[in-house]
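Visitor: One file is attached below, query.cif, containing mmCIF, C-alpha atoms and all ligand atoms.
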data_entry
#
loop_
_atom_site.group_PDB
_atom_site.id
_atom_site.type_symbol
_atom_site.label_atom_id
_atom_site.label_comp_id
_atom_site.auth_asym_id
_atom_site.auth_seq_id
_atom_site.Cartn_x
_atom_site.Cartn_y
_atom_site.Cartn_z
ATOM 1 C CA MET A 58 0.000 0.000 0.000
ATOM 2 C CA VAL A 59 1.471 3.346 -1.108
ATOM 3 C CA CYS A 60 1.877 6.050 1.559
ATOM 4 C CA PRO A 61 -0.731 8.804 0.962
ATOM 5 C CA PHE A 62 1.627 11.404 2.453
ATOM 6 C CA CYS A 63 4.931 10.854 0.673
ATOM 7 C CA ASN A 64 4.016 8.196 -1.965
ATOM 8 C CA ALA A 65 6.580 5.743 -0.618
ATOM 9 C CA ASP A 66 6.026 2.366 -2.265
ATOM 10 C CA ASP A 67 5.746 0.204 0.802
ATOM 11 C CA THR A 68 4.193 0.750 4.212
ATOM 12 C CA ALA A 69 4.080 -1.510 7.250
ATOM 13 C CA VAL A 70 1.001 -2.893 8.999
ATOM 14 C CA ILE A 71 1.219 -2.127 12.714
ATOM 15 C CA ASP A 72 -2.244 -3.321 13.762
ATOM 16 C CA SER A 73 -5.078 -5.438 12.235
ATOM 17 C CA ARG A 74 -8.597 -5.674 13.554
ATOM 18 C CA ARG A 75 -11.522 -7.726 12.237
ATOM 19 C CA ASN A 76 -15.048 -6.410 12.644
ATOM 20 C CA THR A 77 -17.347 -8.677 14.674
ATOM 21 C CA GLU A 78 -18.834 -10.435 11.605
ATOM 22 C CA GLY A 79 -15.376 -10.984 10.158
ATOM 23 C CA SER A 80 -16.499 -9.341 6.891
ATOM 24 C CA SER A 81 -13.942 -6.551 7.006
ATOM 25 C CA ILE A 82 -10.495 -5.871 8.406
ATOM 26 C CA ARG A 83 -9.205 -2.506 9.505
ATOM 27 C CA ARG A 84 -5.440 -2.028 9.386
ATOM 28 C CA ARG A 85 -3.273 0.689 10.855
ATOM 29 C CA ARG A 86 -0.253 1.333 8.715
ATOM 30 C CA LYS A 87 2.942 3.225 9.190
ATOM 31 C CA CYS A 88 5.228 4.631 6.545
ATOM 32 C CA PRO A 89 8.881 3.787 7.263
ATOM 33 C CA LYS A 90 10.016 6.765 5.198
ATOM 34 C CA CYS A 91 7.994 9.706 6.616
ATOM 35 C CA ASN A 92 6.620 7.979 9.752
ATOM 36 C CA SER A 93 3.019 8.958 8.918
ATOM 37 C CA ARG A 94 0.222 6.662 10.059
ATOM 38 C CA PHE A 95 -2.993 5.900 8.190
ATOM 39 C CA THR A 96 -5.864 3.400 8.120
ATOM 40 C CA THR A 97 -6.966 0.997 5.388
ATOM 41 C CA TYR A 98 -9.995 -1.274 5.163
ATOM 42 C CA GLU A 99 -10.196 -4.610 3.473
ATOM 43 C CA LYS A 100 -13.516 -6.236 2.617
ATOM 44 C CA THR A 101 -14.921 -8.859 0.276
ATOM 45 C CA GLU A 102 -16.413 -7.684 -2.978
ATOM 46 C CA ILE A 103 -19.125 -10.287 -3.409
ATOM 47 C CA GLU A 104 -22.373 -8.407 -3.826
ATOM 48 C CA LEU A 105 -24.646 -11.343 -4.424
ATOM 49 C CA ILE A 106 -24.394 -15.109 -3.980
ATOM 50 C CA VAL A 107 -26.112 -17.456 -6.409
ATOM 51 C CA GLU A 108 -27.374 -20.805 -5.173
ATOM 52 C CA LYS A 109 -27.398 -23.313 -7.991
ATOM 53 C CA ARG A 110 -29.786 -26.257 -8.228
ATOM 54 C CA SER A 111 -27.025 -28.549 -7.035
ATOM 55 C CA GLY A 112 -26.833 -26.470 -3.871
ATOM 56 C CA ASN A 113 -23.420 -25.114 -4.846
ATOM 57 C CA LEU A 114 -22.860 -21.441 -4.189
ATOM 58 C CA GLU A 115 -21.049 -19.044 -6.455
ATOM 59 C CA GLU A 116 -20.514 -15.341 -6.894
ATOM 60 C CA PHE A 117 -23.027 -13.563 -9.131
ATOM 61 C CA GLN A 118 -21.277 -12.457 -12.307
ATOM 62 C CA ILE A 119 -22.961 -9.892 -14.492
ATOM 63 C CA GLU A 120 -20.738 -10.877 -17.449
ATOM 64 C CA LYS A 121 -22.286 -14.341 -17.550
ATOM 65 C CA LEU A 122 -25.791 -12.941 -17.426
ATOM 66 C CA GLU A 123 -24.955 -10.512 -20.215
ATOM 67 C CA LYS A 124 -23.450 -13.262 -22.356
ATOM 68 C CA GLY A 125 -26.506 -15.493 -21.982
ATOM 69 C CA ILE A 126 -28.839 -12.664 -22.960
ATOM 70 C CA LYS A 127 -26.643 -11.605 -25.852
ATOM 71 C CA ASN A 128 -26.707 -15.167 -27.171
ATOM 72 C CA ALA A 129 -30.488 -15.156 -26.968
ATOM 73 C CA PHE A 130 -30.560 -12.191 -29.334
ATOM 74 C CA GLY A 131 -28.156 -13.959 -31.672
ATOM 75 C CA GLY A 132 -26.385 -10.673 -32.454
ATOM 76 C CA GLN A 133 -29.579 -9.142 -33.827
ATOM 77 C CA ASP A 134 -32.342 -6.765 -32.831
ATOM 78 C CA ILE A 135 -30.398 -5.155 -30.010
ATOM 79 C CA THR A 136 -27.630 -2.553 -29.815
ATOM 80 C CA GLU A 137 -24.807 -2.690 -27.247
ATOM 81 C CA LYS A 138 -26.408 0.237 -25.466
ATOM 82 C CA GLN A 139 -29.815 -1.442 -25.336
ATOM 83 C CA LEU A 140 -28.226 -4.650 -24.106
ATOM 84 C CA LYS A 141 -26.434 -2.784 -21.307
ATOM 85 C CA SER A 142 -29.574 -1.084 -20.047
ATOM 86 C CA PHE A 143 -31.572 -4.293 -20.441
ATOM 87 C CA VAL A 144 -29.030 -6.199 -18.327
ATOM 88 C CA ASP A 145 -28.877 -3.359 -15.773
ATOM 89 C CA ASN A 146 -32.652 -3.443 -15.339
ATOM 90 C CA ILE A 147 -32.647 -7.175 -14.740
ATOM 91 C CA CYS A 148 -29.714 -6.897 -12.339
ATOM 92 C CA ASN A 149 -31.411 -4.257 -10.247
ATOM 93 C CA GLU A 150 -34.485 -6.425 -9.997
ATOM 94 C CA ILE A 151 -32.470 -9.523 -9.106
ATOM 95 C CA LYS A 152 -30.358 -7.803 -6.481
ATOM 96 C CA GLY A 153 -32.882 -5.676 -4.629
ATOM 97 C CA ASN A 154 -31.785 -5.928 -1.031
ATOM 98 C CA ARG A 155 -30.916 -9.593 -1.374
ATOM 99 C CA LYS A 156 -27.666 -11.228 -0.388
ATOM 100 C CA LYS A 157 -28.444 -14.592 -1.984
ATOM 101 C CA VAL A 158 -30.679 -15.795 -4.836
ATOM 102 C CA LYS A 159 -31.432 -19.128 -6.475
ATOM 103 C CA SER A 160 -30.281 -19.593 -10.064
ATOM 104 C CA ASP A 161 -33.883 -20.385 -11.072
ATOM 105 C CA PHE A 162 -34.952 -16.981 -9.796
ATOM 106 C CA ILE A 163 -32.469 -15.318 -12.146
ATOM 107 C CA GLY A 164 -33.611 -17.422 -15.108
ATOM 108 C CA GLU A 165 -37.254 -16.557 -14.516
ATOM 109 C CA LYS A 166 -36.490 -12.829 -14.260
ATOM 110 C CA VAL A 167 -34.581 -12.913 -17.538
ATOM 111 C CA LEU A 168 -37.451 -14.730 -19.249
ATOM 112 C CA LYS A 169 -39.997 -12.245 -17.906
ATOM 113 C CA HIS A 170 -38.028 -9.268 -19.245
ATOM 114 C CA LEU A 171 -37.253 -10.923 -22.575
ATOM 115 C CA LYS A 172 -40.927 -11.720 -23.102
ATOM 116 C CA GLU A 173 -41.794 -8.034 -22.865
ATOM 117 C CA PHE A 174 -38.865 -6.957 -25.012
ATOM 118 C CA ASN A 175 -38.403 -9.429 -27.842
ATOM 119 C CA GLU A 176 -40.428 -12.544 -28.609
ATOM 120 C CA VAL A 177 -37.731 -14.282 -30.648
ATOM 121 C CA ALA A 178 -35.023 -13.775 -28.032
ATOM 122 C CA TYR A 179 -37.452 -14.939 -25.374
ATOM 123 C CA LEU A 180 -38.145 -18.170 -27.238
ATOM 124 C CA ARG A 181 -34.464 -18.773 -27.861
ATOM 125 C CA TYR A 182 -33.586 -18.240 -24.207
ATOM 126 C CA ALA A 183 -36.543 -20.327 -23.042
ATOM 127 C CA SER A 184 -35.629 -23.221 -25.312
ATOM 128 C CA VAL A 185 -32.136 -23.327 -23.862
ATOM 129 C CA TYR A 186 -33.280 -22.687 -20.325
ATOM 130 C CA LYS A 187 -36.221 -25.078 -20.197
ATOM 131 C CA ASP A 188 -35.363 -28.027 -22.440
ATOM 132 C CA PHE A 189 -33.125 -30.225 -20.429
ATOM 133 C CA SER A 190 -32.878 -33.925 -20.939
ATOM 134 C CA ASP A 191 -31.546 -34.439 -17.434
ATOM 135 C CA ALA A 192 -30.296 -32.657 -14.363
ATOM 136 C CA SER A 193 -26.686 -32.397 -15.514
ATOM 137 C CA ASP A 194 -27.761 -30.636 -18.740
ATOM 138 C CA PHE A 195 -29.652 -28.201 -16.616
ATOM 139 C CA GLU A 196 -26.588 -27.456 -14.552
ATOM 140 C CA LYS A 197 -24.548 -26.778 -17.665
ATOM 141 C CA GLU A 198 -27.064 -24.322 -19.055
ATOM 142 C CA VAL A 199 -27.603 -22.507 -15.803
ATOM 143 C CA ALA A 200 -23.861 -22.171 -15.492
ATOM 144 C CA GLU A 201 -23.917 -20.345 -18.824
ATOM 145 C CA PHE A 202 -26.629 -17.994 -17.755
ATOM 146 C CA ASN A 203 -26.022 -16.841 -14.266
HETATM 147 ZN ZN ZN B 301 5.288 8.290 3.854
#
I'd like the structure from this file rewritten - as structure tokens, please.
Ligand SMILES: [Zn+2]

Guide:
Amino acid sequence: MVCPFCNADDTAVIDSRRNTEGSSIRRRRKCPKCNSRFTTYEKTEIELIVEKRSGNLEEFQIEKLEKGIKNAFGGQDITEKQLKSFVDNICNEIKGNRKKVKSDFIGEKVLKHLKEFNEVAYLRYASVYKDFSDASDFEKEVAEFN
């Protein structure tokens, strides 16, 4: 961590303290060059946890969601800008004040929005999302989409 006072490259940690939940760590640092002290915070960046059908948990990744939706449009009928705002709308709805969602919940939200926006993309997404010969196929597809 660079010193904010003299821009020295390396500073030493002189004290570390976890908050009660263990979700963040506060560190006191000291610069060996100018002797200034300052505080840094470290915390996890996971905004939302997705629970898959298998029960496995993973971090929500907007890139995956965007890719799945983009594929549903097959490169047609939607501009990059439209896609961005479309994905943002869905994300806001998915996140709300939640910390954890099921992958099915995400799939259903995407389908609901696609249905209002573009019939062809909706059908394409639905055919991938809903036609599964067995549970392992389902897992593969959901992995693509959420
Ligand atoms: Zn310094």

Visitor: Throw together the list of residues within 10 Å of ligand ZN 301 (chain B), counting all atoms listed in the file, and drop it here as a PyMOL selection string.

Guide: chain A and resi 59-68+87-95

Visitor: Under the rule that all atoms listed in the file are counted, which of A:His170, A:Lys152, A:Lys138, A:Arg85 is the nearest residue to Ala183 (chain A)?

Guide: A:His170

Visitor: Taking the file as shown, find all residues satisfying the PyMOL selection byres (((chain A and resi 178) around 12) and not hetatm) and write them as a ChimeraX atom specification.

Guide: /A:125-135,167-177,179-186

Visitor: Would you export the selected residues with C-alpha atoms as a PDB file, keeping the file's coordinate frame, please?

Guide:
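Done, and the output landed in selection-v6.pdb:
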ATOM      1  CA  GLY A 125     -26.506 -15.493 -21.982  1.00  0.00           C
ATOM      2  CA  ILE A 126     -28.839 -12.664 -22.960  1.00  0.00           C
ATOM      3  CA  LYS A 127     -26.643 -11.605 -25.852  1.00  0.00           C
ATOM      4  CA  ASN A 128     -26.707 -15.167 -27.171  1.00  0.00           C
ATOM      5  CA  ALA A 129     -30.488 -15.156 -26.968  1.00  0.00           C
ATOM      6  CA  PHE A 130     -30.560 -12.191 -29.334  1.00  0.00           C
ATOM      7  CA  GLY A 131     -28.156 -13.959 -31.672  1.00  0.00           C
ATOM      8  CA  GLY A 132     -26.385 -10.673 -32.454  1.00  0.00           C
ATOM      9  CA  GLN A 133     -29.579  -9.142 -33.827  1.00  0.00           C
ATOM     10  CA  ASP A 134     -32.342  -6.765 -32.831  1.00  0.00           C
ATOM     11  CA  ILE A 135     -30.398  -5.155 -30.010  1.00  0.00           C
ATOM     12  CA  VAL A 167     -34.581 -12.913 -17.538  1.00  0.00           C
ATOM     13  CA  LEU A 168     -37.451 -14.730 -19.249  1.00  0.00           C
ATOM     14  CA  LYS A 169     -39.997 -12.245 -17.906  1.00  0.00           C
ATOM     15  CA  HIS A 170     -38.028  -9.268 -19.245  1.00  0.00           C
ATOM     16  CA  LEU A 171     -37.253 -10.923 -22.575  1.00  0.00           C
ATOM     17  CA  LYS A 172     -40.927 -11.720 -23.102  1.00  0.00           C
ATOM     18  CA  GLU A 173     -41.794  -8.034 -22.865  1.00  0.00           C
ATOM     19  CA  PHE A 174     -38.865  -6.957 -25.012  1.00  0.00           C
ATOM     20  CA  ASN A 175     -38.403  -9.429 -27.842  1.00  0.00           C
ATOM     21  CA  GLU A 176     -40.428 -12.544 -28.609  1.00  0.00           C
ATOM     22  CA  VAL A 177     -37.731 -14.282 -30.648  1.00  0.00           C
ATOM     23  CA  TYR A 179     -37.452 -14.939 -25.374  1.00  0.00           C
ATOM     24  CA  LEU A 180     -38.145 -18.170 -27.238  1.00  0.00           C
ATOM     25  CA  ARG A 181     -34.464 -18.773 -27.861  1.00  0.00           C
ATOM     26  CA  TYR A 182     -33.586 -18.240 -24.207  1.00  0.00           C
ATOM     27  CA  ALA A 183     -36.543 -20.327 -23.042  1.00  0.00           C
ATOM     28  CA  SER A 184     -35.629 -23.221 -25.312  1.00  0.00           C
ATOM     29  CA  VAL A 185     -32.136 -23.327 -23.862  1.00  0.00           C
ATOM     30  CA  TYR A 186     -33.280 -22.687 -20.325  1.00  0.00           C
TER      31      TYR A 186
END

Visitor: Can you give me, as a ChimeraX atom specification, the residues this file yields under the PyMOL selection byres (((chain A and resi 159) around 8) and not hetatm)?

Guide: /A:107-110,157-158,160-163

Visitor: So how many Å separate CA of Val70 (chain A) and CA of Glu104 (chain A), to one decimal?

Guide: 27.2 Å

Visitor: Can you complete the atoms of region 59-70 of chain A to N, CA, C and O atoms and list them as a PDB file, in the frame of the given file?

Guide:
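Result went into out.pdb, see below:
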ATOM      1  N   VAL A  59       0.652   2.139  -0.963  1.00  0.00           N
ATOM      2  CA  VAL A  59       1.471   3.346  -1.108  1.00  0.00           C
ATOM      3  C   VAL A  59       1.124   4.360  -0.006  1.00  0.00           C
ATOM      4  O   VAL A  59      -0.036   4.546   0.338  1.00  0.00           O
ATOM      5  N   CYS A  60       2.114   5.021   0.534  1.00  0.00           N
ATOM      6  CA  CYS A  60       1.877   6.050   1.559  1.00  0.00           C
ATOM      7  C   CYS A  60       1.157   7.251   0.940  1.00  0.00           C
ATOM      8  O   CYS A  60       1.617   7.808  -0.050  1.00  0.00           O
ATOM      9  N   PRO A  61       0.014   7.672   1.523  1.00  0.00           N
ATOM     10  CA  PRO A  61      -0.731   8.804   0.962  1.00  0.00           C
ATOM     11  C   PRO A  61      -0.057  10.145   1.234  1.00  0.00           C
ATOM     12  O   PRO A  61      -0.431  11.172   0.667  1.00  0.00           O
ATOM     13  N   PHE A  62       0.958  10.152   2.101  1.00  0.00           N
ATOM     14  CA  PHE A  62       1.627  11.404   2.453  1.00  0.00           C
ATOM     15  C   PHE A  62       2.854  11.666   1.582  1.00  0.00           C
ATOM     16  O   PHE A  62       3.046  12.777   1.098  1.00  0.00           O
ATOM     17  N   CYS A  63       3.691  10.628   1.417  1.00  0.00           N
ATOM     18  CA  CYS A  63       4.931  10.854   0.673  1.00  0.00           C
ATOM     19  C   CYS A  63       5.074   9.943  -0.553  1.00  0.00           C
ATOM     20  O   CYS A  63       6.081   9.984  -1.254  1.00  0.00           O
ATOM     21  N   ASN A  64       4.013   9.111  -0.820  1.00  0.00           N
ATOM     22  CA  ASN A  64       4.016   8.196  -1.965  1.00  0.00           C
ATOM     23  C   ASN A  64       5.089   7.117  -1.921  1.00  0.00           C
ATOM     24  O   ASN A  64       5.410   6.511  -2.948  1.00  0.00           O
ATOM     25  N   ALA A  65       5.634   6.855  -0.739  1.00  0.00           N
ATOM     26  CA  ALA A  65       6.580   5.743  -0.618  1.00  0.00           C
ATOM     27  C   ALA A  65       5.868   4.455  -1.028  1.00  0.00           C
ATOM     28  O   ALA A  65       4.682   4.279  -0.767  1.00  0.00           O
ATOM     29  N   ASP A  66       6.622   3.565  -1.683  1.00  0.00           N
ATOM     30  CA  ASP A  66       6.026   2.366  -2.265  1.00  0.00           C
ATOM     31  C   ASP A  66       5.457   1.380  -1.244  1.00  0.00           C
ATOM     32  O   ASP A  66       4.459   0.739  -1.487  1.00  0.00           O
ATOM     33  N   ASP A  67       6.142   1.254  -0.126  1.00  0.00           N
ATOM     34  CA  ASP A  67       5.746   0.204   0.802  1.00  0.00           C
ATOM     35  C   ASP A  67       5.547   0.754   2.202  1.00  0.00           C
ATOM     36  O   ASP A  67       6.339   1.557   2.682  1.00  0.00           O
ATOM     37  N   THR A  68       4.453   0.327   2.843  1.00  0.00           N
ATOM     38  CA  THR A  68       4.193   0.750   4.212  1.00  0.00           C
ATOM     39  C   THR A  68       3.954  -0.485   5.073  1.00  0.00           C
ATOM     40  O   THR A  68       3.567  -1.525   4.563  1.00  0.00           O
ATOM     41  N   ALA A  69       4.180  -0.355   6.358  1.00  0.00           N
ATOM     42  CA  ALA A  69       4.080  -1.510   7.250  1.00  0.00           C
ATOM     43  C   ALA A  69       2.762  -1.526   8.014  1.00  0.00           C
ATOM     44  O   ALA A  69       2.251  -0.479   8.423  1.00  0.00           O
ATOM     45  N   VAL A  70       2.208  -2.742   8.189  1.00  0.00           N
ATOM     46  CA  VAL A  70       1.001  -2.893   8.999  1.00  0.00           C
ATOM     47  C   VAL A  70       1.422  -2.980  10.466  1.00  0.00           C
ATOM     48  O   VAL A  70       2.248  -3.803  10.827  1.00  0.00           O
TER      49      VAL A  70
END
